[in-house]
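Chemist: As input, take coords.pdb (PDB, C-alpha atoms and all ligand atoms):
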```
MODEL        1
ATOM      1  CA  MET A 475      10.442  -0.705   8.914
ATOM      2  CA  ILE A 476       8.856  -4.107   8.215
ATOM      3  CA  GLU A 477      10.570  -7.359   9.159
ATOM      4  CA  LEU A 478       8.811 -10.683   8.734
ATOM      5  CA  ASN A 479      10.713 -13.767   9.806
ATOM      6  CA  ASP A 480       9.475 -17.215   8.857
ATOM      7  CA  VAL A 481       5.864 -16.097   9.047
ATOM      8  CA  SER A 482       3.125 -18.662   8.383
ATOM      9  CA  LYS A 483      -0.638 -18.386   8.472
ATOM     10  CA  THR A 484      -3.104 -21.221   7.997
ATOM     11  CA  TYR A 485      -6.872 -20.850   7.706
ATOM     12  CA  ARG A 486      -9.098 -23.715   8.711
ATOM     13  CA  ILE A 487     -12.665 -24.120   7.516
ATOM     14  CA  GLY A 488     -14.080 -27.381   8.823
ATOM     15  CA  ASP A 489     -11.393 -30.002   8.149
ATOM     16  CA  GLU A 490      -9.974 -28.045   5.261
ATOM     17  CA  GLU A 491      -6.683 -26.249   5.756
ATOM     18  CA  VAL A 492      -5.388 -23.451   3.567
ATOM     19  CA  LYS A 493      -1.796 -22.370   4.020
ATOM     20  CA  ALA A 494      -2.296 -18.709   3.144
ATOM     21  CA  LEU A 495       1.299 -17.805   4.054
ATOM     22  CA  ASN A 496       4.050 -20.368   4.072
ATOM     23  CA  HIS A 497       7.344 -19.433   5.794
ATOM     24  CA  VAL A 498       7.608 -15.888   4.505
ATOM     25  CA  ASP A 499      10.715 -13.777   5.129
ATOM     26  CA  LEU A 500      10.434 -10.158   4.071
ATOM     27  CA  THR A 501      12.199  -6.930   4.926
ATOM     28  CA  VAL A 502      10.939  -3.546   3.750
ATOM     29  CA  GLU A 503      13.154  -0.548   4.478
ATOM     30  CA  ALA A 504      11.678   2.774   5.572
ATOM     31  CA  GLY A 505      11.010   4.916   2.499
ATOM     32  CA  ALA A 506      10.693   1.980   0.090
ATOM     33  CA  PHE A 507       7.894   1.591  -2.463
ATOM     34  CA  VAL A 508       7.198  -2.132  -2.769
ATOM     35  CA  GLY A 509       4.771  -3.742  -5.187
ATOM     36  CA  VAL A 510       3.231  -7.116  -4.309
ATOM     37  CA  THR A 511       1.818  -9.215  -7.135
ATOM     38  CA  GLY A 512       0.593 -12.772  -7.512
ATOM     39  CA  PRO A 513      -2.478 -14.673  -8.646
ATOM     40  CA  SER A 514      -5.792 -14.540  -6.844
ATOM     41  CA  GLY A 515      -5.684 -16.596  -3.652
ATOM     42  CA  SER A 516      -1.886 -16.541  -3.409
ATOM     43  CA  GLY A 517      -1.852 -14.821  -0.015
ATOM     44  CA  LYS A 518      -1.403 -11.131  -0.872
ATOM     45  CA  SER A 519      -4.233  -9.843   1.303
ATOM     46  CA  THR A 520      -3.235 -12.137   4.144
ATOM     47  CA  LEU A 521       0.262 -10.665   3.960
ATOM     48  CA  MET A 522      -1.171  -7.155   4.052
ATOM     49  CA  HIS A 523      -3.384  -7.989   7.024
ATOM     50  CA  ILE A 524      -0.383  -9.236   8.965
ATOM     51  CA  ILE A 525       1.830  -6.295   7.980
ATOM     52  CA  GLY A 526      -1.043  -3.973   8.919
ATOM     53  CA  CYS A 527      -1.562  -5.640  12.320
ATOM     54  CA  LEU A 528      -5.138  -6.488  11.309
ATOM     55  CA  ASP A 529      -4.349 -10.159  11.835
ATOM     56  CA  THR A 530      -1.562 -12.119  13.486
ATOM     57  CA  ALA A 531       0.620 -14.942  12.207
ATOM     58  CA  ASP A 532       0.362 -18.515  13.526
ATOM     59  CA  SER A 533       4.137 -18.777  13.683
ATOM     60  CA  GLY A 534       7.170 -16.672  12.949
ATOM     61  CA  ALA A 535       8.001 -13.144  14.028
ATOM     62  CA  TYR A 536       6.921  -9.731  12.846
ATOM     63  CA  ARG A 537       8.687  -6.523  13.800
ATOM     64  CA  LEU A 538       7.249  -3.150  12.857
ATOM     65  CA  ASP A 539       9.728  -0.306  13.412
ATOM     66  CA  GLY A 540      11.874  -2.751  15.366
ATOM     67  CA  GLN A 541       9.061  -3.642  17.787
ATOM     68  CA  PRO A 542       7.906  -7.274  17.990
ATOM     69  CA  ILE A 543       4.172  -6.870  17.532
ATOM     70  CA  GLU A 544       3.242 -10.116  19.289
ATOM     71  CA  HIS A 545       3.898  -8.318  22.585
ATOM     72  CA  TYR A 546       1.035  -5.911  22.081
ATOM     73  CA  SER A 547      -2.581  -6.202  23.222
ATOM     74  CA  GLU A 548      -5.533  -5.734  20.838
ATOM     75  CA  ASN A 549      -5.955  -2.134  22.025
ATOM     76  CA  GLU A 550      -2.290  -1.349  21.562
ATOM     77  CA  LEU A 551      -2.400  -2.812  18.057
ATOM     78  CA  ALA A 552      -5.402  -0.648  17.225
ATOM     79  CA  ALA A 553      -3.460   2.398  18.418
ATOM     80  CA  ILE A 554      -0.446   1.410  16.301
ATOM     81  CA  ARG A 555      -2.652   1.000  13.230
ATOM     82  CA  ASN A 556      -4.254   4.358  13.770
ATOM     83  CA  ARG A 557      -0.945   6.163  14.324
ATOM     84  CA  LYS A 558       1.424   4.470  11.917
ATOM     85  CA  ILE A 559      -0.538   2.929   9.072
ATOM     86  CA  GLY A 560      -2.846   4.222   6.359
ATOM     87  CA  PHE A 561      -5.015   1.565   4.672
ATOM     88  CA  ILE A 562      -6.467   1.745   1.183
ATOM     89  CA  PHE A 563      -8.741  -0.955  -0.235
ATOM     90  CA  GLN A 564     -10.113  -1.914  -3.623
ATOM     91  CA  SER A 565     -13.672  -1.000  -2.673
ATOM     92  CA  PHE A 566     -12.825   2.417  -1.138
ATOM     93  CA  ASN A 567     -14.779   1.632   2.075
ATOM     94  CA  LEU A 568     -16.108   5.162   2.513
ATOM     95  CA  ILE A 569     -19.156   5.704   4.701
ATOM     96  CA  ALA A 570     -22.000   6.464   2.302
ATOM     97  CA  ARG A 571     -24.066   8.794   4.476
ATOM     98  CA  MET A 572     -21.095  10.997   5.347
ATOM     99  CA  THR A 573     -19.571  13.747   3.239
ATOM    100  CA  LEU A 574     -16.001  13.370   2.031
ATOM    101  CA  GLU A 575     -14.715  15.727   4.700
ATOM    102  CA  GLU A 576     -16.552  13.782   7.411
ATOM    103  CA  ASN A 577     -15.081  10.535   6.091
ATOM    104  CA  VAL A 578     -11.568  11.965   6.068
ATOM    105  CA  GLU A 579     -12.046  13.432   9.548
ATOM    106  CA  LEU A 580     -12.908  10.087  11.180
ATOM    107  CA  PRO A 581      -9.383   8.787  11.894
ATOM    108  CA  LEU A 582      -8.526  12.128  13.497
ATOM    109  CA  ILE A 583     -11.574  11.850  15.766
ATOM    110  CA  TYR A 584     -10.362   8.387  16.818
ATOM    111  CA  GLN A 585      -6.974   9.956  17.565
ATOM    112  CA  GLY A 586      -8.558  12.628  19.747
ATOM    113  CA  VAL A 587      -7.290  15.511  17.618
ATOM    114  CA  PRO A 588      -9.076  18.751  18.615
ATOM    115  CA  SER A 589     -11.771  20.032  16.260
ATOM    116  CA  HIS A 590     -10.031  23.130  14.874
ATOM    117  CA  LEU A 591      -6.896  21.116  14.012
ATOM    118  CA  ARG A 592      -9.031  18.419  12.405
ATOM    119  CA  LYS A 593     -10.629  20.906  10.020
ATOM    120  CA  MET A 594      -7.234  22.168   8.849
ATOM    121  CA  ARG A 595      -5.795  18.720   8.349
ATOM    122  CA  VAL A 596      -8.872  17.402   6.538
ATOM    123  CA  GLU A 597      -8.763  20.366   4.183
ATOM    124  CA  ALA A 598      -5.049  19.841   3.526
ATOM    125  CA  ALA A 599      -5.535  16.117   2.858
ATOM    126  CA  LEU A 600      -8.438  16.704   0.443
ATOM    127  CA  GLU A 601      -6.372  19.398  -1.244
ATOM    128  CA  GLN A 602      -3.479  16.954  -1.669
ATOM    129  CA  VAL A 603      -5.646  14.497  -3.586
ATOM    130  CA  GLY A 604      -7.352  17.216  -5.631
ATOM    131  CA  LEU A 605     -10.785  16.993  -3.994
ATOM    132  CA  ALA A 606     -11.014  20.262  -2.056
ATOM    133  CA  ASP A 607     -13.978  21.385  -4.170
ATOM    134  CA  ARG A 608     -15.856  18.125  -3.527
ATOM    135  CA  ARG A 609     -15.594  18.118   0.250
ATOM    136  CA  LYS A 610     -19.335  18.504   0.881
ATOM    137  CA  HIS A 611     -20.214  15.686  -1.534
ATOM    138  CA  THR A 612     -21.175  12.196  -0.433
ATOM    139  CA  PRO A 613     -19.357   9.211  -1.943
ATOM    140  CA  ASN A 614     -22.247   8.142  -4.198
ATOM    141  CA  SER A 615     -22.306  11.510  -5.956
ATOM    142  CA  ILE A 616     -18.719  11.283  -7.229
ATOM    143  CA  SER A 617     -16.804   8.941  -9.561
ATOM    144  CA  GLY A 618     -14.929   5.796  -8.507
ATOM    145  CA  GLY A 619     -11.588   7.502  -9.031
ATOM    146  CA  GLN A 620     -12.690  10.389  -6.840
ATOM    147  CA  GLN A 621     -13.922   7.981  -4.179
ATOM    148  CA  GLN A 622     -10.554   6.270  -4.132
ATOM    149  CA  ARG A 623      -8.825   9.634  -3.849
ATOM    150  CA  ALA A 624     -11.051  10.470  -0.880
ATOM    151  CA  ALA A 625     -10.129   7.112   0.668
ATOM    152  CA  ILE A 626      -6.471   7.995   0.132
ATOM    153  CA  ALA A 627      -7.004  11.363   1.838
ATOM    154  CA  ARG A 628      -8.546   9.483   4.764
ATOM    155  CA  ALA A 629      -5.521   7.155   4.850
ATOM    156  CA  VAL A 630      -2.927   9.944   4.872
ATOM    157  CA  VAL A 631      -4.675  12.538   7.043
ATOM    158  CA  THR A 632      -3.079  10.990  10.147
ATOM    159  CA  GLU A 633       0.375  11.307   8.530
ATOM    160  CA  PRO A 634       1.142   7.583   8.751
ATOM    161  CA  ALA A 635       4.711   6.442   8.039
ATOM    162  CA  LEU A 636       3.395   3.369   6.217
ATOM    163  CA  ILE A 637       0.733   3.148   3.502
ATOM    164  CA  LEU A 638      -0.760  -0.275   2.730
ATOM    165  CA  ALA A 639      -2.913  -0.517  -0.375
ATOM    166  CA  ASP A 640      -4.734  -3.705  -1.427
ATOM    167  CA  GLU A 641      -5.625  -3.573  -5.149
ATOM    168  CA  PRO A 642      -6.417   0.156  -4.970
ATOM    169  CA  THR A 643      -6.922   0.386  -8.746
ATOM    170  CA  GLY A 644      -8.848  -2.888  -9.052
ATOM    171  CA  ASN A 645     -12.217  -1.162  -9.546
ATOM    172  CA  LEU A 646     -10.937   1.650 -11.759
ATOM    173  CA  ASP A 647     -10.259   2.060 -15.473
ATOM    174  CA  SER A 648      -6.575   2.166 -16.365
ATOM    175  CA  LYS A 649      -6.350   5.935 -16.896
ATOM    176  CA  THR A 650      -7.934   6.625 -13.501
ATOM    177  CA  GLY A 651      -5.700   3.936 -12.001
ATOM    178  CA  GLU A 652      -2.633   5.751 -13.335
ATOM    179  CA  ASN A 653      -3.717   8.926 -11.541
ATOM    180  CA  ILE A 654      -4.071   6.995  -8.308
ATOM    181  CA  ILE A 655      -0.607   5.481  -8.724
ATOM    182  CA  ALA A 656       0.806   8.970  -9.370
ATOM    183  CA  LEU A 657      -0.534   9.961  -5.951
ATOM    184  CA  PHE A 658       1.294   7.041  -4.364
ATOM    185  CA  HIS A 659       4.495   8.192  -6.049
ATOM    186  CA  SER A 660       4.071  11.668  -4.598
ATOM    187  CA  PHE A 661       3.575  10.235  -1.092
ATOM    188  CA  ASN A 662       6.619   8.014  -1.528
ATOM    189  CA  ALA A 663       8.670  11.013  -2.692
ATOM    190  CA  ALA A 664       7.587  12.714   0.551
ATOM    191  CA  GLY A 665       9.156   9.846   2.512
ATOM    192  CA  LYS A 666       6.283   7.441   3.115
ATOM    193  CA  THR A 667       6.880   3.715   2.967
ATOM    194  CA  ILE A 668       4.378   2.079   0.618
ATOM    195  CA  VAL A 669       3.327  -1.528   0.107
ATOM    196  CA  LEU A 670       1.032  -1.763  -2.909
ATOM    197  CA  ILE A 671      -0.751  -4.972  -3.803
ATOM    198  CA  THR A 672      -1.785  -5.212  -7.435
ATOM    199  CA  HIS A 673      -2.811  -7.721 -10.071
ATOM    200  CA  ASP A 674      -1.556  -5.349 -12.725
ATOM    201  CA  ASP A 675       2.043  -6.061 -13.735
ATOM    202  CA  ARG A 676       2.341  -2.682 -15.407
ATOM    203  CA  ILE A 677       1.540  -0.939 -12.143
ATOM    204  CA  ALA A 678       3.841  -3.231 -10.170
ATOM    205  CA  ARG A 679       6.688  -2.357 -12.524
ATOM    206  CA  GLU A 680       6.341   1.303 -11.541
ATOM    207  CA  THR A 681       7.266   0.533  -7.945
ATOM    208  CA  GLY A 682      10.804   0.371  -6.610
ATOM    209  CA  ARG A 683      10.762  -3.353  -5.973
ATOM    210  CA  VAL A 684       8.351  -6.117  -6.904
ATOM    211  CA  ILE A 685       7.571  -9.088  -4.708
ATOM    212  CA  ARG A 686       5.657 -11.945  -6.272
ATOM    213  CA  ILE A 687       3.665 -14.333  -4.118
ATOM    214  CA  MET A 688       2.761 -17.849  -5.202
ATOM    215  CA  ASP A 689       0.867 -20.275  -2.974
ATOM    216  CA  GLY A 690       1.662 -18.277   0.138
ATOM    217  CA  ALA A 691       5.386 -18.013  -0.495
ATOM    218  CA  ILE A 692       7.566 -15.301  -1.971
ATOM    219  CA  ASP A 693       8.407 -16.436  -5.458
ATOM    220  CA  ARG A 694      11.049 -14.058  -6.744
ATOM    221  CA  ILE A 695      12.119 -10.478  -6.658
ATOM    222  CA  ALA A 696      12.172  -8.387  -9.778
ATOM    223  CA  ARG A 697      13.954  -5.070 -10.110
ATOM    224  CA  PRO A 698      11.739  -3.233 -12.582
ATOM    225  CA  ASP A 699      14.341  -0.745 -13.809
ATOM    226  CA  THR A 700      16.743  -3.452 -14.994
ATOM    227  CA  GLY A 701      14.276  -6.200 -15.699
ATOM    228  CA  THR A 702      16.524  -8.611 -13.804
ATOM    229  CA  GLN A 703      14.796 -11.242 -11.793
ATOM    230  CA  THR A 704      16.437 -13.256  -9.081
ATOM    231  CA  GLN A 705      15.258 -16.634  -7.912
ATOM    232  CA  VAL A 706      15.119 -16.417  -4.152
ATOM    233  CA  ALA A 707      12.835 -19.236  -3.100
ATOM    234  CA  GLU A 708      10.901 -17.847  -0.149
ATOM    235  CA  THR A 709      13.570 -15.332   0.760
ATOM    236  CA  ALA A 710      13.390 -11.594   0.413
ATOM    237  CA  GLY A 711      15.415 -10.675   3.448
ATOM    238  CA  GLN A 712      18.578  -8.726   4.069
ATOM    239  CA  SER A 713      20.654 -10.907   1.777
ATOM    240  CA  ASP A 714      18.620  -9.554  -1.130
ATOM    241  CA  PRO A 715      20.917  -7.326  -3.205
ATOM    242  CA  THR A 716      18.007  -5.094  -4.208
ATOM    243  CA  ASN A 717      17.739  -4.126  -0.555
ATOM    244  CA  ALA A 718      21.187  -2.572  -0.521
ATOM    245  CA  ALA A 719      19.968   0.730  -1.889
ATOM    246  CA  PRO A 720      16.662   2.027  -0.564
ATOM    247  CA  ASN A 721      14.203   2.291  -3.412
ATOM    248  CA  GLY A 722      12.420   5.336  -2.112
ATOM    249  CA  ASP A 723      13.944   7.765  -4.590
ATOM    250  CA  HIS A 724      13.853   5.469  -7.544
ATOM    251  CA  SER A 725      10.189   5.672  -8.429
ATOM    252  CA  GLY A 726       9.941   9.419  -8.007
ATOM    253  CA  ALA A 727      13.021   9.889 -10.159
ATOM    254  CA  ALA A 728      11.654   7.616 -12.852
ATOM    255  CA  THR A 729       8.424   9.575 -13.015
ATOM    256  CA  GLY A 730      10.350  12.849 -13.223
ATOM    257  CA  ASN A 731      12.558  11.536 -16.005
ATOM    258  CA  GLY A 732       9.595  10.366 -17.974
ATOM    259  CA  ILE A 733       8.062  13.813 -17.936
ATOM    260  CA  ASP A 734      11.359  15.572 -18.724
ATOM    261  CA  ALA A 735      12.183  13.260 -21.604
ATOM    262  CA  GLY A 736       9.055  14.239 -23.478
ATOM    263  CA  GLU A 737       9.848  17.935 -23.215
ATOM    264  CA  LYS A 738      13.506  17.883 -24.208
ATOM    265  CA  GLN A 739      13.397  19.415 -27.683
ATOM    266  CA  PRO A 740       9.881  20.585 -28.359
ATOM    267  CA  GLY A 741      10.973  23.623 -30.397
ATOM    268  CA  LYS A 742      13.077  21.739 -32.940
ATOM    269  CA  ARG A 743      10.451  19.112 -33.560
ATOM    270  CA  SER A 744       7.584  21.505 -34.197
ATOM    271  CA  LYS A 745       9.528  23.243 -37.009
ATOM    272  CA  ARG A 746       9.828  20.109 -39.124
TER     273      ARG A 746
HETATM  274  N1  LIG A 801     -10.643 -15.469   6.551
HETATM  275  C1  LIG A 801     -10.345 -16.526   5.804
HETATM  276  N2  LIG A 801     -10.860 -17.761   6.098
HETATM  277  C2  LIG A 801     -10.534 -18.827   5.359
HETATM  278  N3  LIG A 801      -9.709 -18.816   4.303
HETATM  279  C3  LIG A 801      -9.155 -17.630   3.954
HETATM  280  C4  LIG A 801      -9.453 -16.423   4.686
HETATM  281  N4  LIG A 801      -8.758 -15.412   4.118
HETATM  282  C5  LIG A 801      -8.076 -15.945   3.075
HETATM  283  N5  LIG A 801      -8.312 -17.283   2.977
HETATM  284  C6  LIG A 801      -7.710 -18.198   1.997
HETATM  285  O1  LIG A 801      -6.300 -18.003   2.041
HETATM  286  C7  LIG A 801      -5.744 -17.996   0.730
HETATM  287  C8  LIG A 801      -5.065 -16.655   0.490
HETATM  288  O2  LIG A 801      -6.056 -15.642   0.447
HETATM  289  P1  LIG A 801      -5.730 -14.097   0.212
HETATM  290  O3  LIG A 801      -4.624 -13.697   1.119
HETATM  291  O4  LIG A 801      -6.995 -13.346   0.308
HETATM  292  O5  LIG A 801      -5.182 -14.117  -1.300
HETATM  293  P2  LIG A 801      -5.093 -12.945  -2.385
HETATM  294  O6  LIG A 801      -5.255 -11.643  -1.688
HETATM  295  O7  LIG A 801      -3.734 -13.124  -3.001
HETATM  296  O8  LIG A 801      -6.161 -13.197  -3.385
HETATM  297  C9  LIG A 801      -6.906 -18.273  -0.214
HETATM  298  O9  LIG A 801      -6.913 -19.638  -0.499
HETATM  299  C10 LIG A 801      -8.118 -17.862   0.571
HETATM  300  O10 LIG A 801      -9.247 -18.582   0.180
HETATM  301 MG    MG A 802      -6.644 -10.152  -2.006
ENDMDL
END
```
Go ahead and express the file in the form of structure tokens.

Modeler:
Amino acid sequence: MIELNDVSKTYRIGDEEVKALNHVDLTVEAGAFVGVTGPSGSGKSTLMHIIGCLDTADSGAYRLDGQPIEHYSENELAAIRNRKIGFIFQSFNLIARMTLEENVELPLIYQGVPSHLRKMRVEAALEQVGLADRRKHTPNSISGGQQQRAAIARAVVTEPALILADEPTGNLDSKTGENIIALFHSFNAAGKTIVLITHDDRIARETGRVIRIMDGAIDRIARPDTGTQTQVAETAGQSDPTNAAPNGDHSGAATGNGIDAGEKQPGKRSKR
């Protein structure tokens, strides 16, 4: 689904140059759940902006669904973003004077979806994130966790194939963050490709594959289920053995197992 080849991005402020991305190769298969970690300033958001067609690379190639994106105009890129990608940010980015249902409806208005279909889809999306009963609320009258869930409903209401989340739990306490991550697992189990940027190693470990960025380059790939880490200086492409099996099922299965394990022998234990 995502193929970056030797992608670099440099920012210039005055005579200062920052190499935000430095020869990055990355392939993400459709249906994968990929976690991206790395220290502040390492290039995670820049990577997400390029993957999300919000920004373009200085050099290298990016293919989204096999299409080289450098061939598209600004308008075409905006259409691709709207159709294929759902974005979720640390600061929720909801419009304060609009109700949750109005916020969630916006991307459908941009898509030109007729009004009666919009209502149904907005309701379904709010239902999915557990906010159906809050749909007439404005963002400032609900909790941070609820705001992020509304932002997630807005991201998925267009049924995007790809979900990009930049530190979605960064402003939330860890319990609330866990609930948000559980939502991502349910979307992944339903077939969505997810790229999740996080500072939190515990959250990254819950994804199917972890990519660590250091100084604009991919540092290593860790397979969270085995704990094995492979040195792959700047390479996370097709040669990566963790790519052989799509990771889509892995995370969902792990969550399921965790729940089952706790309920195995409840009867026997309670009699002791
Ligand atoms: N729009 C910008 N203009 C100038 N420098 C930028 C811009 N965006 C990011 N940078 C710089 O690029 C580097 C990578 O930033 P970023 O991708 O935001 O890192 P992260 O998300 O990992 O914290 C940092 O040194 C940052 O200061
Ligand atoms: Mg960032």

Chemist: Could you pull the residues within 9 Å of stretch 561-567 of chain A, counting all atoms listed in the file, minus those fewer than 3 positions along the same chain, as a PyMOL selection string?

Modeler: chain A and resi 526+555+570+618+621-626+628-630+636-646

Chemist: Could those selected residues go to a file with C-alpha atoms, as a PDB file, keeping the file's coordinate frame?

Modeler:
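Okay, part-v1.pdb is ready:
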```pdb
ATOM      1  CA  GLY A 526      -1.043  -3.973   8.919  1.00  0.00           C
ATOM      2  CA  ARG A 555      -2.652   1.000  13.230  1.00  0.00           C
ATOM      3  CA  ALA A 570     -22.000   6.464   2.302  1.00  0.00           C
ATOM      4  CA  GLY A 618     -14.929   5.796  -8.507  1.00  0.00           C
ATOM      5  CA  GLN A 621     -13.922   7.981  -4.179  1.00  0.00           C
ATOM      6  CA  GLN A 622     -10.554   6.270  -4.132  1.00  0.00           C
ATOM      7  CA  ARG A 623      -8.825   9.634  -3.849  1.00  0.00           C
ATOM      8  CA  ALA A 624     -11.051  10.470  -0.880  1.00  0.00           C
ATOM      9  CA  ALA A 625     -10.129   7.112   0.668  1.00  0.00           C
ATOM     10  CA  ILE A 626      -6.471   7.995   0.132  1.00  0.00           C
ATOM     11  CA  ARG A 628      -8.546   9.483   4.764  1.00  0.00           C
ATOM     12  CA  ALA A 629      -5.521   7.155   4.850  1.00  0.00           C
ATOM     13  CA  VAL A 630      -2.927   9.944   4.872  1.00  0.00           C
ATOM     14  CA  LEU A 636       3.395   3.369   6.217  1.00  0.00           C
ATOM     15  CA  ILE A 637       0.733   3.148   3.502  1.00  0.00           C
ATOM     16  CA  LEU A 638      -0.760  -0.275   2.730  1.00  0.00           C
ATOM     17  CA  ALA A 639      -2.913  -0.517  -0.375  1.00  0.00           C
ATOM     18  CA  ASP A 640      -4.734  -3.705  -1.427  1.00  0.00           C
ATOM     19  CA  GLU A 641      -5.625  -3.573  -5.149  1.00  0.00           C
ATOM     20  CA  PRO A 642      -6.417   0.156  -4.970  1.00  0.00           C
ATOM     21  CA  THR A 643      -6.922   0.386  -8.746  1.00  0.00           C
ATOM     22  CA  GLY A 644      -8.848  -2.888  -9.052  1.00  0.00           C
ATOM     23  CA  ASN A 645     -12.217  -1.162  -9.546  1.00  0.00           C
ATOM     24  CA  LEU A 646     -10.937   1.650 -11.759  1.00  0.00           C
TER      25      LEU A 646
END
```

Chemist: Report the distance between atom CA of A:Arg486 and atom C7 of ligand LIG 801 (chain A) in Å, rounded to one decimal place.

Modeler: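 Those two atoms sit 10.4 Å apart.
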
Chemist: Using only C-alpha atoms, which residues sit within 7 Å of A:Ser516 once same-chain residues fewer than 6 positions away are excluded, as JSON, numbers by chain?

Modeler: {"A": [494, 687, 688, 689, 690]}

Chemist: Determine the nearest neighbour of ligand LIG 801 (chain A) from the options A:Gln541, A:Gln602, A:Thr501, A:Thr672, counting all atoms listed in the file.

Modeler: A:Thr672

Chemist: Could you please determine the separation between atom P2 of ligand LIG 801 (chain A) and atom CA of A:Ser617 in Å, to one decimal place?

Modeler: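 Going from atom P2 of ligand LIG 801 (chain A) over to atom CA of A:Ser617, I get 25.8 Å.
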
Chemist: The PyMOL selection byres (((chain A and resi 656-669) around 6) and not hetatm) on the file shown: which residues, as a PyMOL selection string?

Modeler: chain A and resi 504-509+635-638+653-655+670+726

Chemist: At a cut-off of 9 Å around ligand LIG 801 (chain A), and using all atoms listed in the file, what residues come up? Please write them as number ranges by chain.

Modeler: A: 483-487, 491-495, 511-523, 640-641, 671, 673, 687-690

Chemist: Name the residues that the PyMOL selection byres (((chain A and resi 572-579) around 6) and not hetatm) pulls out of this structure, and write them as a CSV table (one decimal) with C-alpha atoms, in the frame of the given file.

Modeler:
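Here's the written file out_33.csv:
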```
chain,number,residue,atom,x,y,z
A,569,ILE,CA,-19.2,5.7,4.7
A,570,ALA,CA,-22.0,6.5,2.3
A,571,ARG,CA,-24.1,8.8,4.5
A,580,LEU,CA,-12.9,10.1,11.2
A,581,PRO,CA,-9.4,8.8,11.9
A,582,LEU,CA,-8.5,12.1,13.5
A,596,VAL,CA,-8.9,17.4,6.5
A,609,ARG,CA,-15.6,18.1,0.2
A,610,LYS,CA,-19.3,18.5,0.9
A,611,HIS,CA,-20.2,15.7,-1.5
A,612,THR,CA,-21.2,12.2,-0.4
A,628,ARG,CA,-8.5,9.5,4.8
```

Chemist: So what do you get for atom CA of A:Leu605 versus atom CA of A:Gly586, distance-wise?

Modeler: 24.2 Å

Chemist: Just so the selection is clear, what residues does the PyMOL selection byres (((chain A and resi 527-534) around 6) and not hetatm) cover here, as a list in words?

Modeler: Asn479, Asp480, Val481, Ser482, Lys483, His523, Ile524, Ile525, Gly526 and Ala535 of chain A

Chemist: Here is a test: counting all atoms listed in the file, which residue of A:Ala598, A:Leu500, A:Val510, A:Leu538 is nearest to ligand MG 802 (chain A)?

Modeler: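 Of the candidates, the smallest distance to ligand MG 802 (chain A) is held by A:Val510.
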
Chemist: Let me have the centre and edge lengths of the axis-aligned box enclosing all listed atoms of stretch 508-522 of chain A with 8 Å padding on every side, in Å to one decimal, as AutoDock Vina command-line options.

Modeler:
```
--center_x 0.7 --center_y -9.4 --center_z -2.3 --size_x 29.0 --size_y 30.5 --size_z 28.8
```

Chemist: For A:Arg557, which residue out of A:Glu652, A:Glu633, A:Asp675, A:Asp647 is the nearest one, using all atoms listed in the file?

Modeler: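 Closest residue, counting all atoms listed in the file: A:Glu633.
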
Chemist: Rank A:Gly604, A:Pro634, A:Gly619, A:Gly488 by their smallest atom-to-atom distance to A:Ile554, using all atoms listed in the file, and report the top residue only.

Modeler: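 For A:Ile554, the nearest of the given residues is A:Pro634.
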
Chemist: Counting only C-alpha atoms, figure out which residue out of A:Ala627, A:Val502, A:Asn496, A:Ala552 gets nearest to A:Ile685.

Modeler: A:Val502
